[in-house]
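Asker: Mind having a look at this structure? Questions to follow.
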Amino acid sequence: MSFNFNTIIRRGSWLEYRRFLLNQRRNIPSRVRVINAELTRIGDVQVLYRRADAENDKSPMTERVMGIFTKQGSSIGKLLQAYIARGGNPFDISMFLKPDSYDIEYNENDNTVELIDNQPYKGVIYPVSQNPDEGDIGMVYQAGWLSFWRYPGRKLNSNSSPVQETTELGKAIVHTRDWARQEIKELRNDLEYRILSLCDLREQLVKERDVLLMKAGGDVIPGMYFDDEYYSRDHHLNSIINKIDSVFWEIGADGFADFTKPRKVSTEMPFPTLVEDAYTGEEKWKALG
């Protein structure tokens, strides 16, 4: 298979792999255009939540919902309309949280930074630490509980499950559901699955555009600014290529590899698993790892 090497790489394989990557980088602008068009078609869902203190714009965001927004005519918007028309409540599908949903406010007077919620739990459901009253008599150990309200331990105020009661209730609920499985599937689950799948696809496309492609095209492709506060230069395609090039070839005054001056690879150099081609010439014109 092409380019299936990972750590042991010979000079000829690296040259072909390097050439392939840099040629494919030319397609990044068209990939970004396609992603942007697809994101517009898919649309988005934004749930409006209420703050703990309605008069304070910096108070924590609660799970209480006030509204939901989506773009009219988008794929998600059409599915939500169909879901509502069939009697569904969009707030029952998901909390539609987005990671890192907060604003950063810097106070110049005391050089402090404040994170202001835009969604409950800053858009991330996470295991909580133990409650501040740990050790008090009668307090339930909460470490590991998920942060949202519907977590079972929070509802039962207990870390144990009443097995006998839940087994009996579970059997009863199965009987209530058996006759309506087709209706549940058609009127609820199928549409919910399609809506959530589109939300997942949107998140993947945003990650591809803003993270994966940025690692290859940032500061190289016009309009793609590589911000060192958010991205690591060590993970940039140019940085990795230059590091490996510097093992195989001398670096010229321009800071790039001089392909007329190959270095002799040895195990004492960085990346000792970068190796030479067969001295007999039998690996010439091949990229097979």
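Residue names in the structure tokens use chain letters A, B, ... in the order shown, residue numbers from 1 in each chain, and ligand numbers from 1 in the order shown.
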Please report, as a Markdown table, each residue of range 15-121 of chain A lying at most 12 Å from range 195-216 of chain A, together with the nearest pair of atoms and the separation in Å rounded to one decimal; use only C-alpha atoms, and order rows by chain and ascending residue number.
Answerer:
| residue | atom | partner | partner_atom | distance |
| --- | --- | --- | --- | --- |
| A:Leu21 | CA | A:Ala216 | CA | 9.0 |
| A:Leu22 | CA | A:Ala216 | CA | 9.0 |
| A:Asn23 | CA | A:Ala216 | CA | 11.5 |
| A:Gln24 | CA | A:Ala216 | CA | 9.9 |
| A:Arg25 | CA | A:Ala216 | CA | 7.0 |
| A:Arg26 | CA | A:Ala216 | CA | 10.2 |
| A:Asn27 | CA | A:Leu213 | CA | 10.3 |
| A:Ile28 | CA | A:Leu213 | CA | 7.0 |
| A:Pro29 | CA | A:Leu213 | CA | 9.5 |
| A:Ser30 | CA | A:Arg209 | CA | 11.2 |
| A:Arg31 | CA | A:Arg209 | CA | 8.3 |
| A:Val32 | CA | A:Arg209 | CA | 6.2 |
| A:Arg33 | CA | A:Arg209 | CA | 9.6 |
| A:Val34 | CA | A:Leu205 | CA | 10.0 |
| A:Ile35 | CA | A:Leu205 | CA | 6.4 |
| A:Asn36 | CA | A:Arg209 | CA | 8.5 |
| A:Ala37 | CA | A:Leu205 | CA | 10.7 |
| A:Glu38 | CA | A:Arg202 | CA | 8.3 |
| A:Leu39 | CA | A:Arg202 | CA | 6.2 |
| A:Thr40 | CA | A:Arg202 | CA | 9.6 |
| A:Arg41 | CA | A:Arg202 | CA | 9.9 |
| A:Ile42 | CA | A:Leu198 | CA | 6.7 |
| A:Gly43 | CA | A:Arg202 | CA | 8.0 |
| A:Asp44 | CA | A:Cys199 | CA | 7.0 |
| A:Val45 | CA | A:Cys199 | CA | 7.8 |
| A:Gln46 | CA | A:Cys199 | CA | 10.8 |
| A:Thr70 | CA | A:Cys199 | CA | 11.6 |
| A:Ser74 | CA | A:Leu198 | CA | 10.7 |
| A:Ser75 | CA | A:Leu198 | CA | 8.1 |
| A:Ile76 | CA | A:Ile195 | CA | 6.0 |
| A:Gly77 | CA | A:Ile195 | CA | 9.0 |
| A:Lys78 | CA | A:Ile195 | CA | 9.6 |
| A:Leu79 | CA | A:Ile195 | CA | 6.6 |
| A:Leu80 | CA | A:Ile195 | CA | 7.5 |
| A:Gln81 | CA | A:Ile195 | CA | 10.9 |
| A:Ala82 | CA | A:Ile195 | CA | 10.7 |
| A:Tyr83 | CA | A:Ile195 | CA | 9.4 |
| A:Pro90 | CA | A:Ile195 | CA | 9.9 |
| A:Asp92 | CA | A:Leu196 | CA | 11.9 |
| A:Ile93 | CA | A:Leu196 | CA | 8.1 |
| A:Ser94 | CA | A:Leu196 | CA | 8.1 |
| A:Met95 | CA | A:Leu196 | CA | 10.8 |
| A:Phe96 | CA | A:Cys199 | CA | 8.4 |
| A:Leu97 | CA | A:Cys199 | CA | 10.4 |
| A:Lys98 | CA | A:Glu203 | CA | 8.9 |
| A:Pro99 | CA | A:Glu203 | CA | 10.1 |
Asker: Per DSSP on the backbone, filter range 118-270 of chain A down to the residues in alpha helix (DSSP H) and report them as a VMD selection string.
Answerer: chain A and resid 152 to 156 163 to 178 181 to 184 190 to 207 213 to 217 237 to 248
Asker: According to DSSP computed on the backbone, where in range 40-282 of chain A is there strand (DSSP E)? Give the residues as a tab-separated table (two decimals) with N, CA and C atoms, in the first residue's frame.
Answerer:
chain	number	residue	atom	x	y	z
A	45	VAL	N	-27.79	24.18	14.59
A	45	VAL	CA	-28.81	24.31	15.62
A	45	VAL	C	-28.20	25.06	16.79
A	46	GLN	N	-28.88	26.07	17.26
A	46	GLN	CA	-28.43	26.83	18.42
A	46	GLN	C	-29.57	26.92	19.41
A	47	VAL	N	-29.36	26.36	20.59
A	47	VAL	CA	-30.37	26.44	21.66
A	47	VAL	C	-30.06	27.64	22.54
A	48	LEU	N	-31.08	28.42	22.83
A	48	LEU	CA	-30.93	29.58	23.70
A	48	LEU	C	-31.26	29.16	25.13
A	49	TYR	N	-30.27	29.25	26.01
A	49	TYR	CA	-30.45	28.87	27.40
A	49	TYR	C	-30.58	30.11	28.29
A	50	ARG	N	-31.12	29.91	29.48
A	50	ARG	CA	-31.32	31.01	30.43
A	50	ARG	C	-30.20	31.02	31.46
A	51	ARG	N	-29.76	32.22	31.80
A	51	ARG	CA	-28.73	32.34	32.82
A	51	ARG	C	-29.33	32.19	34.22
A	61	MET	N	-24.70	29.77	32.92
A	61	MET	CA	-25.83	29.37	32.09
A	61	MET	C	-26.45	28.10	32.67
A	62	THR	N	-27.77	28.07	32.75
A	62	THR	CA	-28.47	26.90	33.26
A	62	THR	C	-28.95	26.04	32.10
A	63	GLU	N	-29.56	24.91	32.42
A	63	GLU	CA	-30.12	24.03	31.39
A	63	GLU	C	-31.52	24.45	30.96
A	64	ARG	N	-32.08	25.48	31.58
A	64	ARG	CA	-33.42	25.93	31.22
A	64	ARG	C	-33.41	26.54	29.82
A	65	VAL	N	-34.27	26.06	28.95
A	65	VAL	CA	-34.26	26.50	27.55
A	65	VAL	C	-35.26	27.63	27.34
A	66	MET	N	-34.90	28.52	26.42
A	66	MET	CA	-35.77	29.65	26.09
A	66	MET	C	-36.16	29.65	24.62
A	67	GLY	N	-35.39	28.98	23.79
A	67	GLY	CA	-35.71	28.95	22.37
A	67	GLY	C	-34.69	28.14	21.60
A	68	ILE	N	-34.96	27.98	20.31
A	68	ILE	CA	-34.05	27.22	19.45
A	68	ILE	C	-34.00	27.91	18.09
A	69	PHE	N	-32.81	27.97	17.50
A	69	PHE	CA	-32.62	28.68	16.22
A	69	PHE	C	-31.98	27.73	15.21
A	70	THR	N	-32.42	27.84	13.97
A	70	THR	CA	-31.78	27.14	12.87
A	70	THR	C	-32.08	27.92	11.59
A	102	TYR	N	-17.72	29.57	25.32
A	102	TYR	CA	-17.55	30.64	26.31
A	102	TYR	C	-16.78	31.80	25.67
A	103	ASP	N	-16.93	32.96	26.26
A	103	ASP	CA	-16.16	34.14	25.87
A	103	ASP	C	-15.07	34.38	26.91
A	104	ILE	N	-13.96	34.91	26.46
A	104	ILE	CA	-12.85	35.23	27.37
A	104	ILE	C	-12.80	36.74	27.57
A	105	GLU	N	-12.91	37.16	28.80
A	105	GLU	CA	-12.86	38.59	29.11
A	105	GLU	C	-11.62	38.88	29.96
A	106	TYR	N	-10.79	39.76	29.45
A	106	TYR	CA	-9.54	40.08	30.15
A	106	TYR	C	-9.68	41.39	30.92
A	107	ASN	N	-9.32	41.34	32.19
A	107	ASN	CA	-9.38	42.52	33.05
A	107	ASN	C	-7.97	43.12	33.16
A	112	THR	N	-6.42	39.62	35.18
A	112	THR	CA	-7.12	38.35	35.35
A	112	THR	C	-7.96	38.05	34.11
A	113	VAL	N	-8.26	36.79	33.93
A	113	VAL	CA	-9.06	36.33	32.80
A	113	VAL	C	-10.33	35.68	33.34
A	114	GLU	N	-11.47	36.05	32.78
A	114	GLU	CA	-12.74	35.49	33.20
A	114	GLU	C	-13.41	34.78	32.03
A	115	LEU	N	-13.87	33.56	32.28
A	115	LEU	CA	-14.58	32.79	31.26
A	115	LEU	C	-16.08	32.97	31.46
A	116	ILE	N	-16.76	33.46	30.44
A	116	ILE	CA	-18.20	33.73	30.52
A	116	ILE	C	-18.93	32.68	29.69
A	117	ASP	N	-19.81	31.92	30.36
A	117	ASP	CA	-20.54	30.84	29.69
A	117	ASP	C	-21.47	31.37	28.61
A	249	TRP	N	19.25	16.01	3.90
A	249	TRP	CA	19.99	16.97	3.07
A	249	TRP	C	20.51	18.14	3.91
A	250	GLU	N	21.51	18.81	3.39
A	250	GLU	CA	22.00	20.04	4.01
A	250	GLU	C	20.93	21.12	3.87
A	251	ILE	N	20.87	22.01	4.84
A	251	ILE	CA	19.92	23.12	4.79
A	251	ILE	C	20.63	24.35	4.24
A	257	ALA	N	15.82	22.68	2.42
A	257	ALA	CA	16.76	21.63	2.04
A	257	ALA	C	17.41	21.94	0.70
A	258	ASP	N	18.71	21.68	0.61
A	258	ASP	CA	19.45	21.80	-0.64
A	258	ASP	C	19.60	20.39	-1.20
A	259	PHE	N	18.78	20.04	-2.20
A	259	PHE	CA	18.74	18.67	-2.69
A	259	PHE	C	19.98	18.29	-3.49
A	260	THR	N	20.88	19.23	-3.70
A	260	THR	CA	22.15	18.90	-4.35
A	260	THR	C	23.20	18.49	-3.33
A	261	LYS	N	22.87	18.59	-2.04
A	261	LYS	CA	23.83	18.26	-0.97
A	261	LYS	C	23.21	17.26	0.01
A	262	PRO	N	23.17	16.00	-0.37
A	262	PRO	CA	22.61	15.00	0.55
A	262	PRO	C	23.53	14.75	1.74
A	274	LEU	N	15.29	7.02	10.06
A	274	LEU	CA	15.34	7.49	8.67
A	274	LEU	C	16.55	6.84	8.03
A	275	VAL	N	16.34	6.09	6.97
A	275	VAL	CA	17.41	5.24	6.42
A	275	VAL	C	17.65	5.53	4.95
Asker: What is the distance between CA of Ala278 in chain A and CA of Lys243 in chain A, in Å to one decimal?
Answerer: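 Computing the Euclidean distance for CA of Ala278 in chain A and CA of Lys243 in chain A yields 22.6 Å.
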Asker: Could you check the closest approach to Thr267 in chain A for each of A:Leu288, A:Ile173, A:Ile8, A:Met1 and tell me which residue wins, using only C-alpha atoms?
Answerer: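 Smallest separation from Thr267 in chain A among the options: A:Ile8.
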Asker: What's around Leu15 in chain A at 10 Å? Count only C-alpha atoms, leave out sequence neighbours fewer than 3 positions away in its own chain, and write the answer as a ChimeraX atom specification.
Answerer: /A:10-12,18-20,245,248,286-287
Asker: Deliver the residues from the most recent selection as a file, using N, CA and C atoms, as a short mmCIF file (atom, residue, chain, number, x, y, z; two decimals), in the first residue's frame.
Answerer:
data_model
loop_
_atom_site.label_atom_id
_atom_site.label_comp_id
_atom_site.auth_asym_id
_atom_site.auth_seq_id
_atom_site.Cartn_x
_atom_site.Cartn_y
_atom_site.Cartn_z
N ARG A 10 12.74 5.38 4.33
CA ARG A 10 13.96 5.55 3.55
C ARG A 10 13.88 6.79 2.68
N ARG A 11 15.01 7.21 2.18
CA ARG A 11 15.11 8.48 1.45
C ARG A 11 14.17 8.52 0.24
N GLY A 12 14.15 7.48 -0.57
CA GLY A 12 13.30 7.47 -1.77
C GLY A 12 11.82 7.52 -1.43
N ARG A 18 6.76 13.23 0.21
CA ARG A 18 6.88 14.69 0.33
C ARG A 18 6.28 15.37 -0.90
N ARG A 19 6.65 14.88 -2.08
CA ARG A 19 6.14 15.46 -3.33
C ARG A 19 4.62 15.35 -3.39
N PHE A 20 4.10 14.18 -3.00
CA PHE A 20 2.66 13.95 -3.04
C PHE A 20 1.93 14.93 -2.12
N ASP A 245 13.69 16.75 6.27
CA ASP A 245 14.61 17.16 5.21
C ASP A 245 16.00 17.41 5.76
N PHE A 248 18.12 14.30 5.84
CA PHE A 248 18.53 13.74 4.55
C PHE A 248 19.42 14.68 3.73
N LYS A 286 11.41 3.83 -6.65
CA LYS A 286 10.33 3.18 -5.91
C LYS A 286 10.04 3.96 -4.65
N ALA A 287 8.76 3.98 -4.25
CA ALA A 287 8.39 4.62 -2.99
C ALA A 287 7.94 3.60 -1.96
#
Asker: Taking only C-alpha atoms into account, name the residue in A:Ala172, A:Leu237, A:Phe148, A:Gly281 that is nearest to Pro127 in chain A.
Answerer: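 Among the listed residues, the smallest separation from Pro127 in chain A belongs to A:Phe148.
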Asker: Provide the CA of Ser129 in chain A to CA of Arg154 in chain A distance in Å, to one decimal place.
Answerer: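 Atom-to-atom, CA of Ser129 in chain A to CA of Arg154 in chain A, that is 13.5 Å.
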Asker: Which residue, A:Thr167, A:Thr7, A:Ser246, A:Ser158, has the smallest gap to Met269 in chain A when you use only C-alpha atoms?
Answerer: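 With only C-alpha atoms as the atom set, the closest residue is A:Ser246.
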